[in-house]
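Undergrad: Just one file: input_37.cif, with mmCIF, C-alpha atoms and all ligand atoms.
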```cif
data_work
#
loop_
_atom_site.label_atom_id
_atom_site.label_comp_id
_atom_site.auth_asym_id
_atom_site.auth_seq_id
_atom_site.Cartn_x
_atom_site.Cartn_y
_atom_site.Cartn_z
CA MET M 780 -14.39 3.22 -14.34
CA THR M 781 -13.13 5.75 -11.81
CA GLN M 782 -14.93 5.43 -8.50
CA LEU M 783 -12.75 7.45 -6.20
CA GLN M 784 -10.89 10.54 -7.19
CA ALA M 785 -8.67 13.14 -5.55
CA ARG M 786 -8.18 16.37 -7.47
CA GLY M 787 -5.51 18.85 -6.43
CA VAL M 788 -5.73 17.83 -2.78
CA VAL M 789 -3.83 20.17 -0.45
CA ARG M 790 -3.50 19.62 3.28
CA ALA M 791 -1.23 21.10 5.95
CA TYR M 792 -0.81 20.58 9.68
CA GLY M 793 -0.37 24.15 10.90
CA PRO M 794 2.71 25.41 9.07
CA THR M 795 3.76 21.93 7.86
CA PRO M 796 2.56 21.12 4.34
CA ALA M 797 1.69 17.42 4.00
CA LEU M 798 -0.03 17.36 0.58
CA ARG M 799 0.63 20.02 -2.04
CA GLY M 800 -1.88 19.19 -4.77
CA VAL M 801 -2.36 15.47 -5.28
CA THR M 802 -4.50 14.07 -8.08
CA LEU M 803 -5.28 10.37 -8.11
CA ASP M 804 -7.97 8.10 -9.57
CA VAL M 805 -8.97 4.70 -8.25
CA ALA M 806 -11.10 2.49 -10.49
CA GLU M 807 -13.61 -0.08 -9.31
CA GLY M 808 -11.82 -3.14 -7.95
CA GLU M 809 -8.38 -1.70 -8.62
CA ILE M 810 -5.47 -2.27 -6.24
CA VAL M 811 -3.26 0.83 -6.07
CA ALA M 812 -0.07 0.97 -4.03
CA VAL M 813 0.99 4.37 -2.67
CA THR M 814 4.69 4.41 -1.88
CA GLY M 815 7.34 6.97 -1.02
CA PRO M 816 9.71 7.87 1.80
CA SER M 817 8.56 8.47 5.35
CA GLY M 818 6.87 11.84 5.79
CA CYS M 819 5.97 12.27 2.08
CA GLY M 820 2.23 12.43 2.88
CA LYS M 821 1.00 8.87 2.30
CA SER M 822 -1.07 8.61 5.49
CA THR M 823 -2.48 12.10 5.04
CA LEU M 824 -3.58 11.20 1.51
CA LEU M 825 -5.27 8.03 2.76
CA HIS M 826 -7.06 9.98 5.49
CA CYS M 827 -8.29 12.55 2.95
CA LEU M 828 -9.47 9.86 0.50
CA ALA M 829 -11.28 7.96 3.26
CA GLY M 830 -12.99 11.12 4.50
CA ILE M 831 -11.25 11.03 7.87
CA LEU M 832 -9.49 14.35 7.21
CA ARG M 833 -10.82 17.24 5.19
CA PRO M 834 -8.46 18.72 2.59
CA ASP M 835 -7.64 22.45 2.87
CA ALA M 836 -8.12 22.72 -0.91
CA GLY M 837 -8.97 20.42 -3.78
CA GLU M 838 -11.71 17.83 -4.04
CA VAL M 839 -12.37 14.22 -3.18
CA THR M 840 -15.17 12.56 -5.12
CA TRP M 841 -16.80 9.17 -4.62
CA GLN M 842 -18.95 7.83 -7.48
CA GLY M 843 -19.09 11.33 -8.88
CA GLN M 844 -20.14 13.07 -5.66
CA ARG M 845 -17.92 15.42 -3.68
CA ILE M 846 -17.49 13.90 -0.24
CA ASP M 847 -14.98 16.35 1.23
CA THR M 848 -17.82 18.84 1.72
CA TRP M 849 -20.05 16.31 3.51
CA SER M 850 -20.70 16.52 7.23
CA GLU M 851 -18.67 14.39 9.62
CA ALA M 852 -21.76 12.21 10.19
CA ALA M 853 -22.24 11.57 6.48
CA ARG M 854 -18.55 10.74 6.03
CA SER M 855 -18.66 8.36 9.01
CA ARG M 856 -21.64 6.61 7.47
CA LEU M 857 -19.66 6.16 4.25
CA ARG M 858 -16.83 4.58 6.25
CA ARG M 859 -19.26 2.16 7.88
CA THR M 860 -20.72 1.03 4.57
CA GLU M 861 -18.75 1.65 1.37
CA PHE M 862 -15.26 2.07 2.84
CA GLY M 863 -13.11 -0.14 5.05
CA VAL M 864 -10.02 1.05 6.90
CA LEU M 865 -7.05 -1.00 8.08
CA PHE M 866 -4.06 0.33 9.99
CA GLN M 867 -0.69 -1.06 10.99
CA PHE M 868 -1.81 -2.29 14.40
CA GLY M 869 -3.81 -1.63 17.52
CA GLN M 870 -7.29 -1.54 16.09
CA LEU M 871 -8.96 -4.52 17.69
CA VAL M 872 -10.95 -3.83 20.84
CA ALA M 873 -9.01 -5.58 23.63
CA GLU M 874 -12.11 -6.51 25.66
CA LEU M 875 -13.88 -8.23 22.76
CA THR M 876 -13.24 -11.67 21.24
CA ALA M 877 -12.09 -12.04 17.64
CA ALA M 878 -15.63 -12.86 16.48
CA GLU M 879 -17.08 -9.90 18.37
CA ASN M 880 -14.45 -7.59 16.91
CA VAL M 881 -15.20 -8.73 13.36
CA ALA M 882 -18.97 -8.53 13.93
CA LEU M 883 -18.72 -4.98 15.28
CA PRO M 884 -18.89 -3.04 11.97
CA LEU M 885 -21.98 -5.05 10.99
CA LEU M 886 -23.67 -4.38 14.34
CA LEU M 887 -22.91 -0.66 13.94
CA ALA M 888 -24.49 -0.81 10.48
CA GLY M 889 -27.66 -2.32 11.96
CA THR M 890 -27.24 -6.02 11.14
CA GLY M 891 -28.83 -8.44 13.64
CA ARG M 892 -26.62 -10.17 16.22
CA ARG M 893 -26.95 -13.71 14.90
CA GLU M 894 -26.37 -12.73 11.30
CA ALA M 895 -23.38 -10.58 12.27
CA ARG M 896 -21.81 -13.45 14.19
CA THR M 897 -22.30 -15.87 11.29
CA ALA M 898 -20.67 -13.42 8.89
CA ALA M 899 -17.81 -12.81 11.35
CA LEU M 900 -17.11 -16.54 11.61
CA THR M 901 -17.12 -16.87 7.82
CA TRP M 902 -14.62 -14.03 7.48
CA LEU M 903 -12.36 -15.35 10.22
CA ASP M 904 -12.35 -18.69 8.36
CA ARG M 905 -11.44 -16.99 5.11
CA PHE M 906 -8.38 -15.53 6.83
CA GLY M 907 -7.47 -18.90 8.33
CA VAL M 908 -8.20 -17.86 11.92
CA GLY M 909 -11.66 -19.39 12.40
CA GLU M 910 -10.45 -21.42 15.37
CA LEU M 911 -9.52 -18.20 17.22
CA ALA M 912 -13.08 -16.84 17.17
CA ASP M 913 -13.47 -16.82 20.94
CA LEU M 914 -10.01 -15.52 21.86
CA ARG M 915 -9.29 -11.94 22.82
CA PRO M 916 -6.56 -9.96 20.98
CA GLY M 917 -4.17 -10.32 23.94
CA GLU M 918 -4.26 -14.09 23.47
CA MET M 919 -3.21 -13.94 19.78
CA SER M 920 0.05 -13.34 17.92
CA GLY M 921 0.58 -10.12 15.95
CA GLY M 922 -0.07 -11.93 12.68
CA GLN M 923 -3.28 -13.50 14.00
CA GLN M 924 -4.46 -10.10 15.24
CA GLN M 925 -3.78 -8.54 11.85
CA ARG M 926 -5.73 -11.30 10.10
CA CYS M 927 -8.68 -10.55 12.40
CA ALA M 928 -8.32 -6.82 11.76
CA THR M 929 -8.31 -7.47 8.01
CA ALA M 930 -11.39 -9.69 8.31
CA ARG M 931 -13.04 -6.87 10.24
CA ALA M 932 -12.15 -4.33 7.55
CA LEU M 933 -13.68 -6.52 4.83
CA VAL M 934 -16.73 -7.95 6.64
CA THR M 935 -19.02 -5.17 5.42
CA GLU M 936 -17.86 -5.94 1.84
CA PRO M 937 -16.72 -2.36 1.28
CA ARG M 938 -16.18 -0.98 -2.23
CA VAL M 939 -12.79 0.45 -1.18
CA LEU M 940 -10.36 -0.77 1.46
CA PHE M 941 -7.84 1.78 2.75
CA ALA M 942 -4.83 -0.01 4.20
CA ASP M 943 -2.00 2.01 5.81
CA GLU M 944 1.14 -0.14 6.10
CA PRO M 945 -1.04 -3.16 6.98
CA THR M 946 1.96 -5.48 7.23
CA GLY M 947 4.32 -2.92 8.72
CA SER M 948 4.44 -4.54 12.16
CA LEU M 949 4.73 -8.14 10.93
CA ASP M 950 7.71 -10.30 9.94
CA THR M 951 8.18 -10.88 6.19
CA LEU M 952 6.45 -14.26 5.94
CA THR M 953 3.52 -13.36 8.19
CA GLY M 954 3.05 -10.03 6.42
CA GLU M 955 3.02 -11.76 3.09
CA GLN M 956 0.42 -14.30 4.23
CA VAL M 957 -1.88 -11.54 5.47
CA LEU M 958 -1.42 -9.60 2.25
CA THR M 959 -1.96 -12.62 -0.01
CA HIS M 960 -5.30 -13.26 1.70
CA LEU M 961 -6.25 -9.60 1.59
CA VAL M 962 -5.49 -9.22 -2.12
CA ARG M 963 -7.19 -12.49 -3.08
CA LEU M 964 -10.40 -11.67 -1.19
CA ALA M 965 -10.43 -8.07 -2.39
CA ARG M 966 -10.18 -9.29 -6.00
CA GLU M 967 -12.93 -11.87 -5.44
CA GLN M 968 -15.42 -9.29 -4.25
CA ARG M 969 -14.07 -6.50 -6.47
CA THR M 970 -13.13 -4.28 -3.56
CA ALA M 971 -10.66 -1.59 -4.61
CA VAL M 972 -7.63 -1.27 -2.32
CA VAL M 973 -5.48 1.77 -1.59
CA LEU M 974 -2.39 0.10 -0.16
CA ILE M 975 0.19 2.27 1.55
CA THR M 976 3.65 0.83 1.90
CA HIS M 977 7.28 1.83 1.66
CA GLU M 978 8.37 -1.66 0.59
CA PRO M 979 8.77 -2.56 -3.12
CA ARG M 980 7.89 -6.20 -2.46
CA ILE M 981 4.58 -5.21 -0.90
CA ALA M 982 3.80 -2.70 -3.67
CA ALA M 983 4.37 -5.54 -6.16
CA TYR M 984 0.99 -7.02 -5.13
CA ALA M 985 -0.84 -4.00 -6.53
CA ASP M 986 -2.04 -3.36 -10.08
CA ARG M 987 -0.37 0.05 -10.11
CA GLU M 988 2.02 2.09 -8.00
CA ILE M 989 1.87 5.81 -7.21
CA VAL M 990 5.00 7.38 -5.74
CA LEU M 991 4.64 10.42 -3.48
CA ARG M 992 7.43 12.78 -2.70
CA ASP M 993 7.14 15.88 -0.51
CA GLY M 994 3.37 15.93 -0.81
CA LEU M 995 3.24 15.56 -4.61
CA VAL M 996 2.87 12.64 -7.00
CA ASP M 997 6.30 11.90 -8.42
CA HIS M 998 5.65 11.03 -12.05
CA THR M 999 9.17 9.73 -12.55
CA GLY M 1000 8.25 7.06 -10.00
CA LEU M 1001 11.69 7.44 -8.46
CA GLY M 1002 11.22 9.52 -5.36
CA LEU M 1003 14.23 11.63 -6.42
CA ASP M 1004 14.26 15.35 -7.01
CA VAL M 1005 16.88 15.58 -9.74
CA PRO M 1006 15.41 15.95 -13.23
CA LEU M 1007 16.46 13.34 -15.76
CA ALA M 1008 18.99 14.39 -18.35
CA GLY M 1009 17.16 16.37 -21.03
CA GLY M 1010 13.82 15.79 -19.32
CA THR M 1011 11.47 18.18 -17.60
CA ARG M 1012 9.55 17.65 -14.46
CA MET R 830 18.19 -9.92 -16.49
CA PRO R 831 16.06 -11.87 -14.00
CA TYR R 832 18.06 -10.99 -10.93
CA VAL R 833 21.63 -10.21 -10.14
CA ALA R 834 23.71 -13.09 -8.93
CA SER R 835 27.12 -11.57 -9.65
CA THR R 836 29.01 -8.39 -8.98
CA LEU R 837 29.24 -7.70 -12.71
CA PHE R 838 26.23 -5.44 -12.55
CA ALA R 839 27.70 -3.30 -9.75
CA LYS R 840 30.97 -3.08 -11.66
CA VAL R 841 29.16 -1.80 -14.75
CA VAL R 842 27.47 0.90 -12.69
CA VAL R 843 30.69 1.96 -11.00
CA ALA R 844 32.48 2.16 -14.36
CA LEU R 845 29.64 4.21 -15.84
CA LEU R 846 29.59 6.57 -12.86
CA VAL R 847 33.23 7.37 -13.50
CA ALA R 848 32.69 7.89 -17.23
CA ASP R 849 29.27 9.49 -17.54
CA VAL R 850 26.91 10.16 -14.64
CA ASP R 851 23.85 10.79 -16.80
CA ARG R 852 24.30 7.51 -18.61
CA ALA R 853 24.85 5.74 -15.31
CA ARG R 854 21.64 7.22 -14.00
CA SER R 855 19.67 6.21 -17.09
CA TYR R 856 21.06 2.72 -16.74
CA LEU R 857 20.10 2.56 -13.05
CA ILE R 858 16.59 3.79 -13.83
CA ALA R 859 16.14 1.24 -16.61
CA GLN R 860 17.37 -1.50 -14.30
CA ARG R 861 15.02 -0.38 -11.58
CA ALA R 862 12.08 -0.58 -14.00
CA ALA R 863 13.15 -4.05 -15.18
CA HIS R 864 13.59 -5.28 -11.60
CA THR R 865 10.22 -3.88 -10.57
CA ALA R 866 8.50 -5.56 -13.51
CA ARG R 867 10.16 -8.88 -12.66
CA LEU R 868 9.20 -8.49 -8.99
CA ARG R 869 5.57 -8.09 -10.05
CA GLU R 870 5.69 -11.19 -12.25
CA LEU R 871 7.18 -13.30 -9.49
CA THR R 872 4.69 -11.94 -6.96
CA ALA R 873 1.83 -12.90 -9.30
CA VAL R 874 3.26 -16.44 -9.59
CA LYS R 875 3.39 -16.70 -5.81
CA ALA R 876 -0.05 -15.20 -5.18
CA ASP R 877 -1.71 -17.58 -7.65
CA PRO R 878 -3.88 -20.02 -5.65
CA ALA R 879 -2.65 -22.80 -7.97
CA ALA R 880 1.04 -22.22 -7.08
CA THR R 881 2.80 -25.27 -5.67
CA LEU R 882 5.15 -25.14 -2.68
CA SER R 883 8.15 -25.42 -4.99
CA ASP R 884 6.86 -22.55 -7.19
CA VAL R 885 6.53 -20.39 -4.10
CA VAL R 886 9.92 -21.29 -2.68
CA ALA R 887 11.65 -20.66 -6.02
CA ALA R 888 9.85 -17.32 -6.41
CA ASP R 889 10.82 -16.39 -2.82
CA PHE R 890 14.48 -16.94 -3.62
CA ALA R 891 14.37 -14.70 -6.68
CA ILE R 892 12.28 -12.06 -4.89
CA ALA R 893 14.73 -11.86 -1.98
CA HIS R 894 17.56 -11.13 -4.43
CA LEU R 895 15.54 -8.66 -6.49
CA ASP R 896 14.50 -6.88 -3.32
CA ALA R 897 18.13 -6.51 -2.22
CA ASP R 898 19.12 -5.23 -5.67
CA LEU R 899 16.23 -2.76 -5.72
CA ARG R 900 17.33 -1.34 -2.37
CA TRP R 901 20.85 -0.97 -3.70
CA LEU R 902 19.59 0.66 -6.94
CA HIS R 903 17.49 3.06 -4.95
CA ALA R 904 20.32 3.97 -2.57
CA THR R 905 22.68 4.47 -5.52
CA LEU R 906 20.19 6.73 -7.31
CA GLY R 907 19.86 8.68 -4.07
CA ARG R 908 23.63 9.04 -3.80
CA VAL R 909 23.88 10.18 -7.41
CA ALA R 910 21.15 12.76 -6.73
CA ASP R 911 22.99 14.02 -3.63
CA TRP R 912 26.21 14.25 -5.59
CA HIS R 913 24.39 16.14 -8.37
CA ARG R 914 23.02 18.66 -5.85
CA GLU R 915 26.49 19.29 -4.44
CA VAL R 916 28.06 19.82 -7.84
CA HIS R 917 25.17 21.91 -9.26
CA PRO R 918 23.63 23.64 -6.24
N1 LIG Y 1101 -0.90 15.14 13.26
C1 LIG Y 1101 0.12 15.80 12.70
N2 LIG Y 1101 0.54 16.99 13.18
C2 LIG Y 1101 1.55 17.66 12.60
N3 LIG Y 1101 2.23 17.24 11.52
C3 LIG Y 1101 1.87 16.05 10.99
C4 LIG Y 1101 0.80 15.27 11.54
N4 LIG Y 1101 0.67 14.15 10.80
C5 LIG Y 1101 1.60 14.24 9.83
N5 LIG Y 1101 2.33 15.37 9.94
C6 LIG Y 1101 3.41 15.82 9.02
O1 LIG Y 1101 2.90 15.82 7.70
C7 LIG Y 1101 3.83 15.28 6.78
C8 LIG Y 1101 3.23 14.06 6.09
O2 LIG Y 1101 2.99 13.04 7.06
P1 LIG Y 1101 2.32 11.65 6.74
O3 LIG Y 1101 1.13 11.85 5.89
O4 LIG Y 1101 2.13 10.93 8.02
O5 LIG Y 1101 3.47 10.94 5.87
P2 LIG Y 1101 3.79 9.37 5.63
O6 LIG Y 1101 2.58 8.59 5.98
O7 LIG Y 1101 4.18 9.31 4.19
O8 LIG Y 1101 4.97 9.05 6.50
C9 LIG Y 1101 5.08 14.99 7.59
O9 LIG Y 1101 5.93 16.12 7.49
C10 LIG Y 1101 4.56 14.83 8.99
O10 LIG Y 1101 5.55 15.17 9.93
MG MG Y 1102 2.29 7.01 7.35
#
```
Show me the file's structure as structure tokens.
Ligand SMILES: Nc1ncnc2c1ncn2[C@@H]1O[C@H](COP(=O)(O)OP(=O)(O)O)[C@@H](O)[C@H]1O
Ligand SMILES: [Mg+2]

TA:
Amino acid sequence: MTQLQARGVVRAYGPTPALRGVTLDVAEGEIVAVTGPSGCGKSTLLHCLAGILRPDAGEVTWQGQRIDTWSEAARSRLRRTEFGVLFQFGQLVAELTAAENVALPLLLAGTGRREARTAALTWLDRFGVGELADLRPGEMSGGQQQRCATARALVTEPRVLFADEPTGSLDTLTGEQVLTHLVRLAREQRTAVVLITHEPRIAAYADREIVLRDGLVDHTGLGLDVPLAGGTR
Amino acid sequence: MPYVASTLFAKVVVALLVADVDRARSYLIAQRAAHTARLRELTAVKADPAATLSDVVAADFAIAHLDADLRWLHATLGRVADWHREVHP
């Protein structure tokens, strides 16, 4: 069943069009890869779906309700509860330990300190970094930091995880380990994932791949603008 | 074709490009779809919690080759598209 839907989403930055009418459905628990060349609008689409940016036109609906018309406060609340967001790097708070970082979304959502810490430790363990609970980000490798960031994005057990090039700053093996954990845990708790990547081998972890080109969904899946012989597009 | 371990495949594409660009493109597109499907299968094998170390290492080997071929297929399709634009502006 469709939980999250974009319909004809248009968004520009001043004179620069980023999305020119994107329609996309994400079902409960589904893992969807969004691929395409740099600058095609992937990050903008993710920001619109997650309610971080408002589209100029079109609609974004979550469980049948339009969220693009909600206030900033209401959209923030959604991101603290139903949605999780994961970026390429630089999201952990440098002054806090791994456990404190992972507990943070729960504390913001009103969970008690002890309970939040217990959950944080569980999630760090699930990502194989339980022994780093009391280290600060500066004391960890890039891969360890990204495991903590992923644990933090999933600790609230969101219904959708938005991940923008989550392995983009990691070497192949480390990136794959982070992604394997992410996909396995998302499937276990039926969290849908919108996974942005420009790498075919990362997109291969998803159930389905959407290709964007110049702000539109490319239904040929090729990212090329020449029509096929005899075909229409 | 699981993955390309010879230059035969590239030779076929080059020959087709000389003879018939549309057929070459269809062939490239079909190959890309086949490679992508295989990449998914191998990724599923690897991501399975029950996979053994040797399963994973064998899948890694095939994936590395498929990934290289996919990049080449994509670049070639891009070159064909550029060429098409120049000839039919
Ligand atoms: N903050 C911004 N200000 C101006 N232009 C932007 C901004 N963010 C993105 N863009 C432009 O919008 C287009 C889509 O960008 P983006 O969504 O980041 O693409 P992708 O994530 O696929 O690389 C690009 O042309 C980009 O230059
Ligand atoms: Mg981006």

Undergrad: Just checking: using only C-alpha atoms and all ligand atoms, which residue out of M:Arg893, M:Arg966, M:Arg856, M:His977 ends up closest to ligand MG 1102 (chain Y)?

TA: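 Under the stated criterion, the closest residue is M:His977.
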
Undergrad: With a distance threshold of 7 Å and counting all atoms listed in the file, extract the residues of chain R near chain M and express them as a PyMOL selection string.

TA: chain R and resi 851+868-869+872+876+896+907+910

Undergrad: At a cut-off of 12 Å around ligand LIG 1101 (chain Y), and using only C-alpha atoms and all ligand atoms, what residues come up? Please write them as a PDB file with C-alpha atoms, in the frame of the given file.

TA:
```
ATOM      1  CA  VAL M 789      -3.830  20.170  -0.450  1.00  0.00           C
ATOM      2  CA  ARG M 790      -3.500  19.620   3.280  1.00  0.00           C
ATOM      3  CA  ALA M 791      -1.230  21.100   5.950  1.00  0.00           C
ATOM      4  CA  TYR M 792      -0.810  20.580   9.680  1.00  0.00           C
ATOM      5  CA  GLY M 793      -0.370  24.150  10.900  1.00  0.00           C
ATOM      6  CA  PRO M 794       2.710  25.410   9.070  1.00  0.00           C
ATOM      7  CA  THR M 795       3.760  21.930   7.860  1.00  0.00           C
ATOM      8  CA  PRO M 796       2.560  21.120   4.340  1.00  0.00           C
ATOM      9  CA  ALA M 797       1.690  17.420   4.000  1.00  0.00           C
ATOM     10  CA  LEU M 798      -0.030  17.360   0.580  1.00  0.00           C
ATOM     11  CA  ARG M 799       0.630  20.020  -2.040  1.00  0.00           C
ATOM     12  CA  VAL M 813       0.990   4.370  -2.670  1.00  0.00           C
ATOM     13  CA  THR M 814       4.690   4.410  -1.880  1.00  0.00           C
ATOM     14  CA  GLY M 815       7.340   6.970  -1.020  1.00  0.00           C
ATOM     15  CA  PRO M 816       9.710   7.870   1.800  1.00  0.00           C
ATOM     16  CA  SER M 817       8.560   8.470   5.350  1.00  0.00           C
ATOM     17  CA  GLY M 818       6.870  11.840   5.790  1.00  0.00           C
ATOM     18  CA  CYS M 819       5.970  12.270   2.080  1.00  0.00           C
ATOM     19  CA  GLY M 820       2.230  12.430   2.880  1.00  0.00           C
ATOM     20  CA  LYS M 821       1.000   8.870   2.300  1.00  0.00           C
ATOM     21  CA  SER M 822      -1.070   8.610   5.490  1.00  0.00           C
ATOM     22  CA  THR M 823      -2.480  12.100   5.040  1.00  0.00           C
ATOM     23  CA  LEU M 824      -3.580  11.200   1.510  1.00  0.00           C
ATOM     24  CA  LEU M 825      -5.270   8.030   2.760  1.00  0.00           C
ATOM     25  CA  HIS M 826      -7.060   9.980   5.490  1.00  0.00           C
ATOM     26  CA  CYS M 827      -8.290  12.550   2.950  1.00  0.00           C
ATOM     27  CA  LEU M 832      -9.490  14.350   7.210  1.00  0.00           C
ATOM     28  CA  PHE M 866      -4.060   0.330   9.990  1.00  0.00           C
ATOM     29  CA  GLN M 867      -0.690  -1.060  10.990  1.00  0.00           C
ATOM     30  CA  ALA M 942      -4.830  -0.010   4.200  1.00  0.00           C
ATOM     31  CA  ASP M 943      -2.000   2.010   5.810  1.00  0.00           C
ATOM     32  CA  GLU M 944       1.140  -0.140   6.100  1.00  0.00           C
ATOM     33  CA  GLY M 947       4.320  -2.920   8.720  1.00  0.00           C
ATOM     34  CA  LEU M 974      -2.390   0.100  -0.160  1.00  0.00           C
ATOM     35  CA  ILE M 975       0.190   2.270   1.550  1.00  0.00           C
ATOM     36  CA  THR M 976       3.650   0.830   1.900  1.00  0.00           C
ATOM     37  CA  HIS M 977       7.280   1.830   1.660  1.00  0.00           C
ATOM     38  CA  VAL M 990       5.000   7.380  -5.740  1.00  0.00           C
ATOM     39  CA  LEU M 991       4.640  10.420  -3.480  1.00  0.00           C
ATOM     40  CA  ARG M 992       7.430  12.780  -2.700  1.00  0.00           C
ATOM     41  CA  ASP M 993       7.140  15.880  -0.510  1.00  0.00           C
ATOM     42  CA  GLY M 994       3.370  15.930  -0.810  1.00  0.00           C
ATOM     43  CA  LEU M 995       3.240  15.560  -4.610  1.00  0.00           C
ATOM     44  CA  VAL M 996       2.870  12.640  -7.000  1.00  0.00           C
ATOM     45  CA  GLY M1002      11.220   9.520  -5.360  1.00  0.00           C
TER      46      GLY M1002
END
```

Undergrad: Do you know which residues are at most 7 Å from Thr953 of chain M counting all atoms listed in the file, after dropping those on the same chain fewer than 4 positions away, and could you put them as a ChimeraX atom specification?

TA: /M:922,949,957

Undergrad: Using all atoms listed in the file for the distances, tell me which of R:Val885, R:Val841, R:Ala897, R:Ala880 is nearest to Arg854 of chain R.

TA: R:Val841

Undergrad: Could you check which of M:Thr890, M:Pro945, M:Ala932, M:Val872 is closest to ligand MG 1102 (chain Y), using all atoms listed in the file?

TA: M:Pro945

Undergrad: Tell me, in Å to one decimal, how far atom CA of Gly863 of chain M is from atom CA of Glu918 of chain M.

TA: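 Those two atoms sit 24.7 Å apart.
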